[in-house]
file upload-v1.cif (mmCIF, C-alpha atoms)
data_data
#
loop_
_atom_site.group_PDB
_atom_site.id
_atom_site.type_symbol
_atom_site.label_atom_id
_atom_site.label_comp_id
_atom_site.auth_asym_id
_atom_site.auth_seq_id
_atom_site.Cartn_x
_atom_site.Cartn_y
_atom_site.Cartn_z
ATOM 1 C CA MET A 83 0.000 0.000 0.000
ATOM 2 C CA LYS A 84 1.463 3.315 -1.119
ATOM 3 C CA ARG A 85 -1.469 5.536 -2.118
ATOM 4 C CA ILE A 86 -4.703 4.779 -0.299
ATOM 5 C CA LEU A 87 -8.305 5.891 -0.825
ATOM 6 C CA VAL A 88 -10.775 5.483 2.042
ATOM 7 C CA THR A 89 -14.446 5.825 1.094
ATOM 8 C CA GLY A 90 -16.965 6.408 3.851
ATOM 9 C CA ALA A 91 -14.166 8.208 5.694
ATOM 10 C CA THR A 92 -16.556 10.203 7.898
ATOM 11 C CA GLY A 93 -18.295 7.092 9.235
ATOM 12 C CA GLN A 94 -17.698 5.036 12.358
ATOM 13 C CA ILE A 95 -14.840 2.955 10.961
ATOM 14 C CA GLY A 96 -13.434 5.468 8.503
ATOM 15 C CA SER A 97 -13.013 8.284 11.007
ATOM 16 C CA GLU A 98 -10.584 6.110 12.961
ATOM 17 C CA LEU A 99 -9.065 4.132 10.088
ATOM 18 C CA VAL A 100 -7.904 7.256 8.231
ATOM 19 C CA PRO A 101 -5.738 8.599 11.115
ATOM 20 C CA ALA A 102 -4.286 5.119 11.688
ATOM 21 C CA LEU A 103 -3.364 4.745 8.018
ATOM 22 C CA ARG A 104 -1.906 8.260 7.881
ATOM 23 C CA GLN A 105 0.236 7.564 10.905
ATOM 24 C CA ARG A 106 1.507 4.388 9.256
ATOM 25 C CA TYR A 107 1.897 5.481 5.627
ATOM 26 C CA GLY A 108 2.071 9.278 5.773
ATOM 27 C CA SER A 109 -0.684 11.900 5.784
ATOM 28 C CA ALA A 110 -0.332 12.817 2.121
ATOM 29 C CA GLN A 111 -0.611 9.175 1.055
ATOM 30 C CA VAL A 112 -4.135 8.608 2.434
ATOM 31 C CA ILE A 113 -7.065 10.321 0.715
ATOM 32 C CA ALA A 114 -10.179 10.484 2.854
ATOM 33 C CA ALA A 115 -13.430 10.515 0.869
ATOM 34 C CA GLY A 116 -16.869 11.123 2.316
ATOM 35 C CA HIS A 117 -20.295 12.435 1.400
ATOM 36 C CA GLN A 118 -19.997 15.423 3.751
ATOM 37 C CA ASN A 119 -18.672 18.743 2.471
ATOM 38 C CA GLU A 120 -17.387 19.571 5.953
ATOM 39 C CA PRO A 121 -15.993 16.479 7.705
ATOM 40 C CA GLN A 122 -15.220 16.237 11.407
ATOM 41 C CA PRO A 123 -12.028 17.993 12.552
ATOM 42 C CA GLY A 124 -8.851 16.150 11.629
ATOM 43 C CA LEU A 125 -9.838 14.407 8.408
ATOM 44 C CA ALA A 126 -9.366 17.481 6.238
ATOM 45 C CA ASP A 127 -6.727 19.175 8.406
ATOM 46 C CA ASN A 128 -4.244 16.297 8.499
ATOM 47 C CA GLY A 129 -4.339 15.154 4.884
ATOM 48 C CA PRO A 130 -6.323 15.220 1.632
ATOM 49 C CA TYR A 131 -10.115 15.130 1.923
ATOM 50 C CA ILE A 132 -12.575 14.970 -0.970
ATOM 51 C CA THR A 133 -16.348 14.708 -1.303
ATOM 52 C CA LEU A 134 -17.219 11.542 -3.214
ATOM 53 C CA ASP A 135 -20.447 9.868 -4.304
ATOM 54 C CA VAL A 136 -19.654 6.159 -4.698
ATOM 55 C CA THR A 137 -22.592 5.690 -7.058
ATOM 56 C CA GLN A 138 -20.769 7.811 -9.680
ATOM 57 C CA ILE A 139 -18.238 5.505 -11.341
ATOM 58 C CA LYS A 140 -16.645 8.161 -13.560
ATOM 59 C CA VAL A 141 -15.931 10.345 -10.548
ATOM 60 C CA ILE A 142 -14.339 7.417 -8.692
ATOM 61 C CA ASP A 143 -12.179 6.605 -11.704
ATOM 62 C CA ALA A 144 -11.036 10.217 -11.963
ATOM 63 C CA VAL A 145 -10.085 10.289 -8.269
ATOM 64 C CA VAL A 146 -8.145 7.021 -8.504
ATOM 65 C CA LYS A 147 -6.217 8.305 -11.504
ATOM 66 C CA GLN A 148 -5.636 11.775 -10.062
ATOM 67 C CA TYR A 149 -4.129 10.461 -6.829
ATOM 68 C CA ASN A 150 -2.495 7.355 -8.333
ATOM 69 C CA ILE A 151 -4.362 5.103 -5.886
ATOM 70 C CA ASP A 152 -3.212 1.498 -5.434
ATOM 71 C CA THR A 153 -5.421 0.452 -2.477
ATOM 72 C CA VAL A 154 -9.051 1.223 -1.638
ATOM 73 C CA PHE A 155 -10.656 0.714 1.763
ATOM 74 C CA HIS A 156 -14.299 0.801 0.705
ATOM 75 C CA LEU A 157 -16.381 1.653 3.772
ATOM 76 C CA ALA A 158 -19.226 3.716 2.324
ATOM 77 C CA ALA A 159 -22.544 2.015 3.178
ATOM 78 C CA LEU A 160 -25.943 2.340 4.832
ATOM 79 C CA LEU A 161 -26.029 0.371 8.098
ATOM 80 C CA SER A 162 -28.561 -2.233 9.170
ATOM 81 C CA ALA A 163 -31.415 -0.228 10.690
ATOM 82 C CA LYS A 164 -31.129 2.585 8.136
ATOM 83 C CA ALA A 165 -31.035 0.045 5.323
ATOM 84 C CA GLU A 166 -34.359 -1.411 6.486
ATOM 85 C CA GLU A 167 -35.895 2.047 6.458
ATOM 86 C CA LYS A 168 -34.643 2.759 2.929
ATOM 87 C CA PRO A 169 -33.928 -0.585 1.214
ATOM 88 C CA GLN A 170 -33.819 0.821 -2.317
ATOM 89 C CA LEU A 171 -31.284 3.461 -1.338
ATOM 90 C CA ALA A 172 -29.321 0.825 0.583
ATOM 91 C CA TRP A 173 -28.966 -1.327 -2.532
ATOM 92 C CA LYS A 174 -27.909 1.677 -4.601
ATOM 93 C CA VAL A 175 -25.249 2.809 -2.131
ATOM 94 C CA ASN A 176 -24.092 -0.565 -0.810
ATOM 95 C CA MET A 177 -24.120 -2.634 -3.995
ATOM 96 C CA ASP A 178 -23.833 -0.179 -6.876
ATOM 97 C CA GLY A 179 -21.128 1.592 -4.893
ATOM 98 C CA LEU A 180 -19.156 -1.627 -4.367
ATOM 99 C CA TYR A 181 -19.527 -2.628 -8.029
ATOM 100 C CA ASN A 182 -18.175 0.773 -9.080
ATOM 101 C CA ILE A 183 -15.192 0.461 -6.740
ATOM 102 C CA LEU A 184 -14.403 -3.028 -8.022
ATOM 103 C CA GLU A 185 -14.693 -1.997 -11.662
ATOM 104 C CA VAL A 186 -12.422 1.005 -11.176
ATOM 105 C CA SER A 187 -9.982 -1.141 -9.194
ATOM 106 C CA ARG A 188 -9.965 -3.770 -11.958
ATOM 107 C CA ALA A 189 -9.158 -1.119 -14.543
ATOM 108 C CA ASN A 190 -6.489 0.581 -12.438
ATOM 109 C CA GLY A 191 -4.862 -2.348 -10.629
ATOM 110 C CA CYS A 192 -6.004 -1.456 -7.109
ATOM 111 C CA ALA A 193 -6.371 -3.756 -4.106
ATOM 112 C CA VAL A 194 -9.721 -3.512 -2.272
ATOM 113 C CA PHE A 195 -10.730 -3.970 1.364
ATOM 114 C CA PHE A 196 -14.464 -4.598 1.807
ATOM 115 C CA PRO A 197 -15.947 -4.932 5.300
ATOM 116 C CA SER A 198 -18.694 -7.502 5.623
ATOM 117 C CA SER A 199 -20.595 -8.085 8.850
ATOM 118 C CA ILE A 200 -22.362 -10.506 11.142
ATOM 119 C CA GLY A 201 -25.389 -9.170 9.264
ATOM 120 C CA ALA A 202 -24.379 -11.448 6.374
ATOM 121 C CA PHE A 203 -25.761 -14.380 8.347
ATOM 122 C CA GLY A 204 -29.418 -15.272 8.839
ATOM 123 C CA PRO A 205 -31.863 -17.158 11.052
ATOM 124 C CA ASP A 206 -30.747 -20.599 9.817
ATOM 125 C CA THR A 207 -27.057 -19.908 10.472
ATOM 126 C CA PRO A 208 -25.618 -21.623 13.582
ATOM 127 C CA ARG A 209 -25.650 -18.823 16.161
ATOM 128 C CA ASP A 210 -22.948 -20.210 18.436
ATOM 129 C CA ASN A 211 -19.421 -20.883 17.196
ATOM 130 C CA THR A 212 -20.626 -19.752 13.765
ATOM 131 C CA PRO A 213 -18.340 -21.395 11.160
ATOM 132 C CA GLN A 214 -16.283 -19.486 8.629
ATOM 133 C CA ASP A 215 -18.132 -21.271 5.816
ATOM 134 C CA THR A 216 -21.804 -21.844 6.573
ATOM 135 C CA LEU A 217 -25.376 -21.031 5.521
ATOM 136 C CA GLN A 218 -25.913 -17.362 4.734
ATOM 137 C CA HIS A 219 -29.571 -16.486 4.213
ATOM 138 C CA PRO A 220 -30.001 -13.014 5.762
ATOM 139 C CA ASN A 221 -33.489 -11.531 5.971
ATOM 140 C CA THR A 222 -32.491 -7.862 5.887
ATOM 141 C CA MET A 223 -31.461 -5.626 2.996
ATOM 142 C CA TYR A 224 -28.214 -4.855 4.826
ATOM 143 C CA GLY A 225 -27.457 -8.571 5.091
ATOM 144 C CA VAL A 226 -28.411 -9.243 1.481
ATOM 145 C CA CYS A 227 -25.998 -6.510 0.398
ATOM 146 C CA LYS A 228 -23.212 -7.934 2.558
ATOM 147 C CA VAL A 229 -23.573 -11.487 1.224
ATOM 148 C CA SER A 230 -23.790 -10.155 -2.317
ATOM 149 C CA GLY A 231 -20.717 -8.044 -1.662
ATOM 150 C CA GLU A 232 -18.747 -11.024 -0.380
ATOM 151 C CA LEU A 233 -19.617 -13.002 -3.500
ATOM 152 C CA LEU A 234 -18.881 -10.103 -5.816
ATOM 153 C CA CYS A 235 -15.466 -9.540 -4.237
ATOM 154 C CA ASN A 236 -14.653 -13.231 -4.605
ATOM 155 C CA TYR A 237 -15.745 -13.090 -8.252
ATOM 156 C CA TYR A 238 -13.539 -10.113 -9.011
ATOM 157 C CA TYR A 239 -10.589 -11.923 -7.435
ATOM 158 C CA THR A 240 -11.085 -15.255 -9.247
ATOM 159 C CA ARG A 241 -12.247 -13.766 -12.573
ATOM 160 C CA PHE A 242 -10.116 -10.625 -12.863
ATOM 161 C CA GLY A 243 -7.363 -11.051 -10.277
ATOM 162 C CA VAL A 244 -8.385 -8.015 -8.217
ATOM 163 C CA ASP A 245 -6.715 -8.300 -4.793
ATOM 164 C CA THR A 246 -9.909 -8.211 -2.733
ATOM 165 C CA ARG A 247 -9.839 -8.884 0.996
ATOM 166 C CA GLY A 248 -12.317 -8.435 3.813
ATOM 167 C CA VAL A 249 -13.595 -9.361 7.246
ATOM 168 C CA ARG A 250 -16.981 -9.971 8.818
ATOM 169 C CA TYR A 251 -17.088 -7.408 11.575
ATOM 170 C CA PRO A 252 -19.123 -7.977 14.715
ATOM 171 C CA GLY A 253 -20.820 -5.032 16.419
ATOM 172 C CA LEU A 254 -18.294 -2.203 16.732
ATOM 173 C CA ILE A 255 -17.842 0.082 19.732
ATOM 174 C CA SER A 256 -16.158 3.458 19.287
ATOM 175 C CA HIS A 257 -15.531 6.586 21.342
ATOM 176 C CA GLU A 258 -14.815 8.706 18.268
ATOM 177 C CA THR A 259 -18.159 8.825 16.461
ATOM 178 C CA MET A 260 -21.807 8.563 17.408
ATOM 179 C CA PRO A 261 -23.809 5.573 16.137
ATOM 180 C CA GLY A 262 -25.092 5.711 12.587
ATOM 181 C CA GLY A 263 -28.141 3.449 12.390
ATOM 182 C CA GLY A 264 -26.840 0.025 13.349
ATOM 183 C CA THR A 265 -28.464 -2.737 15.399
ATOM 184 C CA THR A 266 -25.590 -2.794 17.898
ATOM 185 C CA ASP A 267 -25.695 0.990 18.462
ATOM 186 C CA TYR A 268 -26.825 0.460 22.048
ATOM 187 C CA ALA A 269 -23.301 -0.629 22.979
ATOM 188 C CA VAL A 270 -22.043 2.869 22.095
ATOM 189 C CA GLU A 271 -25.031 4.959 23.186
ATOM 190 C CA ILE A 272 -25.001 3.391 26.624
ATOM 191 C CA PHE A 273 -21.665 4.978 27.537
ATOM 192 C CA TYR A 274 -22.777 8.522 26.718
ATOM 193 C CA HIS A 275 -25.984 8.078 28.715
ATOM 194 C CA ALA A 276 -24.163 6.424 31.599
ATOM 195 C CA ILE A 277 -21.784 9.370 31.938
ATOM 196 C CA LYS A 278 -24.284 12.173 31.296
ATOM 197 C CA GLU A 279 -27.532 10.830 32.773
ATOM 198 C CA LYS A 280 -26.561 7.736 34.809
ATOM 199 C CA ARG A 281 -29.307 5.742 33.067
ATOM 200 C CA TYR A 282 -30.000 4.204 29.670
ATOM 201 C CA ASN A 283 -33.097 2.826 27.950
ATOM 202 C CA CYS A 284 -31.928 -0.100 25.799
ATOM 203 C CA PHE A 285 -33.727 -1.086 22.585
ATOM 204 C CA LEU A 286 -32.642 -4.758 22.770
ATOM 205 C CA LYS A 287 -33.669 -7.381 25.309
ATOM 206 C CA GLN A 288 -31.342 -7.718 28.259
ATOM 207 C CA ASP A 289 -30.199 -11.237 27.339
ATOM 208 C CA THR A 290 -29.485 -10.590 23.620
ATOM 209 C CA TYR A 291 -25.975 -11.916 23.123
ATOM 210 C CA LEU A 292 -24.018 -10.587 20.151
ATOM 211 C CA ASP A 293 -20.403 -10.581 19.008
ATOM 212 C CA MET A 294 -18.708 -7.248 19.661
ATOM 213 C CA MET A 295 -15.339 -5.583 19.101
ATOM 214 C CA TYR A 296 -13.651 -2.396 20.267
ATOM 215 C CA MET A 297 -12.726 -0.101 17.391
ATOM 216 C CA PRO A 298 -8.932 -0.164 17.929
ATOM 217 C CA ASP A 299 -9.034 -3.920 17.282
ATOM 218 C CA ALA A 300 -11.264 -3.438 14.219
ATOM 219 C CA ILE A 301 -8.882 -0.881 12.707
ATOM 220 C CA ARG A 302 -5.848 -3.046 13.380
ATOM 221 C CA ALA A 303 -7.575 -6.059 11.780
ATOM 222 C CA ALA A 304 -8.221 -4.191 8.522
ATOM 223 C CA ILE A 305 -4.636 -2.994 8.240
ATOM 224 C CA GLU A 306 -3.085 -6.321 9.232
ATOM 225 C CA LEU A 307 -5.184 -8.242 6.711
ATOM 226 C CA MET A 308 -4.227 -5.896 3.869
ATOM 227 C CA GLU A 309 -0.545 -6.144 4.817
ATOM 228 C CA THR A 310 -0.541 -9.961 4.975
ATOM 229 C CA ASP A 311 1.365 -11.933 2.343
ATOM 230 C CA ALA A 312 -1.280 -12.972 -0.195
ATOM 231 C CA ASN A 313 0.190 -16.488 -0.377
ATOM 232 C CA ARG A 314 -1.003 -17.154 3.186
ATOM 233 C CA LEU A 315 -4.657 -16.419 2.433
ATOM 234 C CA LYS A 316 -6.963 -19.302 1.637
ATOM 235 C CA HIS A 317 -10.274 -17.531 2.152
ATOM 236 C CA ARG A 318 -9.256 -14.100 0.888
ATOM 237 C CA ASN A 319 -12.642 -12.423 1.693
ATOM 238 C CA ALA A 320 -15.081 -12.248 4.590
ATOM 239 C CA PHE A 321 -12.983 -13.628 7.441
ATOM 240 C CA ASN A 322 -14.923 -14.089 10.663
ATOM 241 C CA ILE A 323 -13.286 -11.986 13.389
ATOM 242 C CA THR A 324 -14.448 -11.405 16.937
ATOM 243 C CA ALA A 325 -13.215 -10.216 20.302
ATOM 244 C CA MET A 326 -16.033 -10.628 22.847
ATOM 245 C CA SER A 327 -19.651 -11.718 23.131
ATOM 246 C CA PHE A 328 -21.980 -10.127 25.679
ATOM 247 C CA ALA A 329 -25.601 -9.177 26.347
ATOM 248 C CA PRO A 330 -26.874 -5.703 27.324
ATOM 249 C CA LYS A 331 -27.273 -6.797 30.949
ATOM 250 C CA GLU A 332 -23.604 -7.798 31.100
ATOM 251 C CA LEU A 333 -22.411 -4.531 29.596
ATOM 252 C CA ALA A 334 -24.584 -2.645 32.086
ATOM 253 C CA ALA A 335 -23.106 -4.623 34.982
ATOM 254 C CA CYS A 336 -19.590 -3.879 33.778
ATOM 255 C CA ILE A 337 -20.337 -0.149 33.512
ATOM 256 C CA GLN A 338 -21.783 -0.207 37.044
ATOM 257 C CA ARG A 339 -18.378 -1.280 38.357
ATOM 258 C CA PHE A 340 -17.084 2.103 37.193
ATOM 259 C CA ILE A 341 -20.299 4.138 37.612
ATOM 260 C CA PRO A 342 -22.191 2.479 40.518
ATOM 261 C CA GLU A 343 -25.294 4.692 40.230
ATOM 262 C CA PHE A 344 -25.887 3.763 36.594
ATOM 263 C CA SER A 345 -29.202 2.008 35.896
ATOM 264 C CA MET A 346 -30.399 0.150 32.805
ATOM 265 C CA HIS A 347 -33.958 0.056 31.472
ATOM 266 C CA TYR A 348 -35.454 -1.657 28.440
ATOM 267 C CA THR A 349 -37.914 -0.586 25.738
ATOM 268 C CA VAL A 350 -37.469 -3.157 22.999
ATOM 269 C CA ASP A 351 -37.488 -2.024 19.377
ATOM 270 C CA PRO A 352 -39.085 -4.978 17.542
ATOM 271 C CA VAL A 353 -37.319 -4.198 14.245
ATOM 272 C CA ARG A 354 -33.820 -4.090 15.678
ATOM 273 C CA GLN A 355 -34.551 -6.978 18.046
ATOM 274 C CA ALA A 356 -35.593 -9.148 15.100
ATOM 275 C CA ILE A 357 -32.391 -8.231 13.287
ATOM 276 C CA ALA A 358 -30.282 -9.043 16.351
ATOM 277 C CA ASP A 359 -32.042 -12.380 16.801
ATOM 278 C CA SER A 360 -30.982 -13.392 13.286
ATOM 279 C CA TRP A 361 -27.295 -12.717 13.925
ATOM 280 C CA PRO A 362 -24.625 -14.936 15.538
ATOM 281 C CA ARG A 363 -24.008 -14.821 19.252
ATOM 282 C CA HIS A 364 -20.391 -15.804 18.726
ATOM 283 C CA MET A 365 -18.408 -16.437 15.532
ATOM 284 C CA ASN A 366 -15.581 -18.911 15.066
ATOM 285 C CA ASP A 367 -12.596 -16.867 13.844
ATOM 286 C CA ARG A 368 -10.087 -19.694 13.582
ATOM 287 C CA ALA A 369 -9.444 -19.060 9.866
ATOM 288 C CA ALA A 370 -8.375 -15.466 10.542
ATOM 289 C CA ARG A 371 -6.137 -16.560 13.407
ATOM 290 C CA GLU A 372 -4.444 -19.195 11.260
ATOM 291 C CA GLU A 373 -4.161 -17.333 7.945
ATOM 292 C CA TRP A 374 -3.074 -13.888 9.125
ATOM 293 C CA ASP A 375 -2.483 -14.218 12.887
ATOM 294 C CA TRP A 376 -5.581 -12.336 14.004
ATOM 295 C CA LYS A 377 -5.838 -11.808 17.774
ATOM 296 C CA PRO A 378 -7.946 -9.208 19.654
ATOM 297 C CA ARG A 379 -6.430 -7.108 22.423
ATOM 298 C CA TYR A 380 -9.550 -5.832 24.196
ATOM 299 C CA ASP A 381 -12.105 -7.748 26.255
ATOM 300 C CA LEU A 382 -15.313 -6.445 27.863
ATOM 301 C CA GLU A 383 -13.709 -4.963 30.975
ATOM 302 C CA SER A 384 -10.701 -3.337 29.293
ATOM 303 C CA MET A 385 -12.937 -1.915 26.561
ATOM 304 C CA THR A 386 -15.398 -0.527 29.120
ATOM 305 C CA GLN A 387 -12.689 1.148 31.172
ATOM 306 C CA ASP A 388 -11.064 2.705 28.106
ATOM 307 C CA MET A 389 -14.399 3.947 26.712
ATOM 308 C CA ILE A 390 -15.308 5.631 29.998
ATOM 309 C CA ASP A 391 -11.875 7.192 30.465
ATOM 310 C CA ARG A 392 -11.806 8.609 26.949
ATOM 311 C CA LEU A 393 -15.376 9.887 26.970
ATOM 312 C CA LEU A 394 -14.913 11.551 30.351
ATOM 313 C CA PHE A 395 -11.899 13.378 28.959
ATOM 314 C CA ARG A 396 -13.733 14.381 25.786
ATOM 315 C CA LEU A 397 -16.879 15.480 27.580
ATOM 316 C CA GLY A 398 -14.866 17.447 30.124
ATOM 317 C CA ASP A 399 -16.506 15.715 33.069
ATOM 318 C CA LYS A 400 -14.173 14.210 35.653
ATOM 319 C CA ARG A 401 -17.006 13.311 38.010
ATOM 320 C CA PHE A 402 -19.203 10.212 38.112
#
call {"tool": "encode", "arguments": {"input": "upload-v1.cif", "output": "structure tokens"}}
result
Amino acid sequence: MKRILVTGATGQIGSELVPALRQRYGSAQVIAAGHQNEPQPGLADNGPYITLDVTQIKVIDAVVKQYNIDTVFHLAALLSAKAEEKPQLAWKVNMDGLYNILEVSRANGCAVFFPSSIGAFGPDTPRDNTPQDTLQHPNTMYGVCKVSGELLCNYYYTRFGVDTRGVRYPGLISHETMPGGGTTDYAVEIFYHAIKEKRYNCFLKQDTYLDMMYMPDAIRAAIELMETDANRLKHRNAFNITAMSFAPKELAACIQRFIPEFSMHYTVDPVRQAIADSWPRHMNDRAAREEWDWKPRYDLESMTQDMIDRLLFRLGDKRF
């Protein structure tokens, strides 16, 4: 990787991936691309930032040529809950956008990172110790797009030799950006409410177990996979990766160890609960561990402590 384009750079993953890539490869070498004219502080100040619509293939091609891009981290997408609200738009952004990135990459010799998700699985997928290769029949537009994206990336690798790679992310927890319409958003929202209000009303049932990961691990996984010797990779795309599995009640209990007066309440959102119930509780990530030495660094307690410490600093509140 020498010249890198990150689409969806203003989103949850992109806003932290861009600084990490710039630190590793140089600020001028990483072009952040988002749909916002005015991104959050840092993205435009510390390196190139452009506004990019991933549904416009000619514009993407022009950007890749202008900046001599050799690697694309394609993160632009509508997330699970938003995709259910606007399924037609989700297909246009998630699938047409990916197709455009792959076509431009084929023509210009770029490698592509595409993040899939636990949303690529469905109700008939084994929910515990979910295998790397298993049934994938999602019942959401977000999941349909992710499965289709996995297959399309594999096709472009086998048919055209495009160096496509990707992971299936679990729910992601970040202190940098607010949630953007995902089913696991509660695991981020809860920290802000715990610090500011000492209470949180959760939209999932208290015993809904889901795979989760702290964002520093998610960022490191993307970079490590793209830096791995291609000869080691057997699966190439959509590696299961995970770090921890917990339910809302367990996250609440962990937060209470740091903020004793915090209380958790529940008003279940049937749409997001149904989505969560179709996803794995815990994925088997053996393939990632064997093929590119994947290993998480954060567990529930260390993630919780770091989230609280960082948010307290950012919010300027040193008191519980």
call {"tool": "resolve_selection", "arguments": {"input": "upload-v1.cif", "expression": "the PyMOL selection byres ((chain A and resi 362) around 12)", "output": "ChimeraX atom specification"}}
result
/A:199-214,216-218,220,250-253,290-294,322-324,327-328,357-361,363-366
call {"tool": "residues_around", "arguments": {"input": "upload-v1.cif", "residues": "Leu254 of chain A", "least_positions_apart": "3", "cutoff": "7 Å", "atoms": "only C-alpha atoms", "output": "JSON, numbers by chain"}}
result
{"A": [294, 295, 296, 297]}
call {"tool": "write_last_selection", "arguments": {"input": "upload-v1.cif", "atoms": "C-alpha atoms", "output": "PDB file, in the frame of the given file"}}
result
ATOM      1  CA  MET A 294     -18.708  -7.248  19.661  1.00  0.00           C
ATOM      2  CA  MET A 295     -15.339  -5.583  19.101  1.00  0.00           C
ATOM      3  CA  TYR A 296     -13.651  -2.396  20.267  1.00  0.00           C
ATOM      4  CA  MET A 297     -12.726  -0.101  17.391  1.00  0.00           C
TER       5      MET A 297
END
call {"tool": "residues_around", "arguments": {"input": "upload-v1.cif", "residues": "Gln387 of chain A", "least_positions_apart": "5", "cutoff": "10 Å", "atoms": "all atoms listed in the file", "output": "ChimeraX atom specification"}}
result
/A:336-337,339-340,382,392
call {"tool": "residues_near_point", "arguments": {"input": "upload-v1.cif", "point": "(-1.2, 16.3, 1.4)", "cutoff": "12 Å", "atoms": "only C-alpha atoms", "output": "PDB file with C-alpha atoms, keeping the file's coordinate frame"}}
result
ATOM      1  CA  ARG A  85      -1.469   5.536  -2.118  1.00  0.00           C
ATOM      2  CA  ARG A 104      -1.906   8.260   7.881  1.00  0.00           C
ATOM      3  CA  GLY A 108       2.071   9.278   5.773  1.00  0.00           C
ATOM      4  CA  SER A 109      -0.684  11.900   5.784  1.00  0.00           C
ATOM      5  CA  ALA A 110      -0.332  12.817   2.121  1.00  0.00           C
ATOM      6  CA  GLN A 111      -0.611   9.175   1.055  1.00  0.00           C
ATOM      7  CA  VAL A 112      -4.135   8.608   2.434  1.00  0.00           C
ATOM      8  CA  ILE A 113      -7.065  10.321   0.715  1.00  0.00           C
ATOM      9  CA  ALA A 114     -10.179  10.484   2.854  1.00  0.00           C
ATOM     10  CA  LEU A 125      -9.838  14.407   8.408  1.00  0.00           C
ATOM     11  CA  ALA A 126      -9.366  17.481   6.238  1.00  0.00           C
ATOM     12  CA  ASP A 127      -6.727  19.175   8.406  1.00  0.00           C
ATOM     13  CA  ASN A 128      -4.244  16.297   8.499  1.00  0.00           C
ATOM     14  CA  GLY A 129      -4.339  15.154   4.884  1.00  0.00           C
ATOM     15  CA  PRO A 130      -6.323  15.220   1.632  1.00  0.00           C
ATOM     16  CA  TYR A 131     -10.115  15.130   1.923  1.00  0.00           C
ATOM     17  CA  ILE A 132     -12.575  14.970  -0.970  1.00  0.00           C
ATOM     18  CA  TYR A 149      -4.129  10.461  -6.829  1.00  0.00           C
TER      19      TYR A 149
END
call {"tool": "resolve_selection", "arguments": {"input": "upload-v1.cif", "expression": "the PyMOL selection byres ((chain A and resi 186) around 12)", "output": "VMD selection string"}}
result
chain A and resid 136 to 147 151 to 154 179 to 185 187 to 194 238 242 244
call {"tool": "residues_around", "arguments": {"input": "upload-v1.cif", "residues": "Asp381 of chain A", "least_positions_apart": "3", "cutoff": "8 Å", "atoms": "only C-alpha atoms", "output": "PyMOL selection string"}}
result
chain A and resi 325-326+378+384-385
call {"tool": "write_last_selection", "arguments": {"input": "upload-v1.cif", "atoms": "C-alpha atoms", "output": "PDB file, in the coordinates of the input"}}
result
ATOM      1  CA  ALA A 325     -13.215 -10.216  20.302  1.00  0.00           C
ATOM      2  CA  MET A 326     -16.033 -10.628  22.847  1.00  0.00           C
ATOM      3  CA  PRO A 378      -7.946  -9.208  19.654  1.00  0.00           C
ATOM      4  CA  SER A 384     -10.701  -3.337  29.293  1.00  0.00           C
ATOM      5  CA  MET A 385     -12.937  -1.915  26.561  1.00  0.00           C
TER       6      MET A 385
END
call {"tool": "resolve_selection", "arguments": {"input": "upload-v1.cif", "expression": "the PyMOL selection byres ((chain A and resi 100) around 10)", "output": "PDB file with C-alpha atoms, keeping the file's coordinate frame"}}
result
ATOM      1  CA  ILE A  86      -4.703   4.779  -0.299  1.00  0.00           C
ATOM      2  CA  LEU A  87      -8.305   5.891  -0.825  1.00  0.00           C
ATOM      3  CA  VAL A  88     -10.775   5.483   2.042  1.00  0.00           C
ATOM      4  CA  THR A  89     -14.446   5.825   1.094  1.00  0.00           C
ATOM      5  CA  ALA A  91     -14.166   8.208   5.694  1.00  0.00           C
ATOM      6  CA  THR A  92     -16.556  10.203   7.898  1.00  0.00           C
ATOM      7  CA  ILE A  95     -14.840   2.955  10.961  1.00  0.00           C
ATOM      8  CA  GLY A  96     -13.434   5.468   8.503  1.00  0.00           C
ATOM      9  CA  SER A  97     -13.013   8.284  11.007  1.00  0.00           C
ATOM     10  CA  GLU A  98     -10.584   6.110  12.961  1.00  0.00           C
ATOM     11  CA  LEU A  99      -9.065   4.132  10.088  1.00  0.00           C
ATOM     12  CA  PRO A 101      -5.738   8.599  11.115  1.00  0.00           C
ATOM     13  CA  ALA A 102      -4.286   5.119  11.688  1.00  0.00           C
ATOM     14  CA  LEU A 103      -3.364   4.745   8.018  1.00  0.00           C
ATOM     15  CA  ARG A 104      -1.906   8.260   7.881  1.00  0.00           C
ATOM     16  CA  GLN A 105       0.236   7.564  10.905  1.00  0.00           C
ATOM     17  CA  ARG A 106       1.507   4.388   9.256  1.00  0.00           C
ATOM     18  CA  SER A 109      -0.684  11.900   5.784  1.00  0.00           C
ATOM     19  CA  VAL A 112      -4.135   8.608   2.434  1.00  0.00           C
ATOM     20  CA  ILE A 113      -7.065  10.321   0.715  1.00  0.00           C
ATOM     21  CA  ALA A 114     -10.179  10.484   2.854  1.00  0.00           C
ATOM     22  CA  ALA A 115     -13.430  10.515   0.869  1.00  0.00           C
ATOM     23  CA  GLY A 124      -8.851  16.150  11.629  1.00  0.00           C
ATOM     24  CA  LEU A 125      -9.838  14.407   8.408  1.00  0.00           C
ATOM     25  CA  ASN A 128      -4.244  16.297   8.499  1.00  0.00           C
ATOM     26  CA  GLY A 129      -4.339  15.154   4.884  1.00  0.00           C
ATOM     27  CA  PHE A 155     -10.656   0.714   1.763  1.00  0.00           C
ATOM     28  CA  ILE A 301      -8.882  -0.881  12.707  1.00  0.00           C
TER      29      ILE A 301
END
call {"tool": "atom_distance", "arguments": {"input": "upload-v1.cif", "atom1": "atom CA of Arg371 of chain A", "atom2": "atom CA of Glu309 of chain A"}}
result
14.6 Å
call {"tool": "atom_distance", "arguments": {"input": "upload-v1.cif", "atom1": "atom CA of Tyr107 of chain A", "atom2": "atom CA of Leu315 of chain A"}}
result
23.1 Å
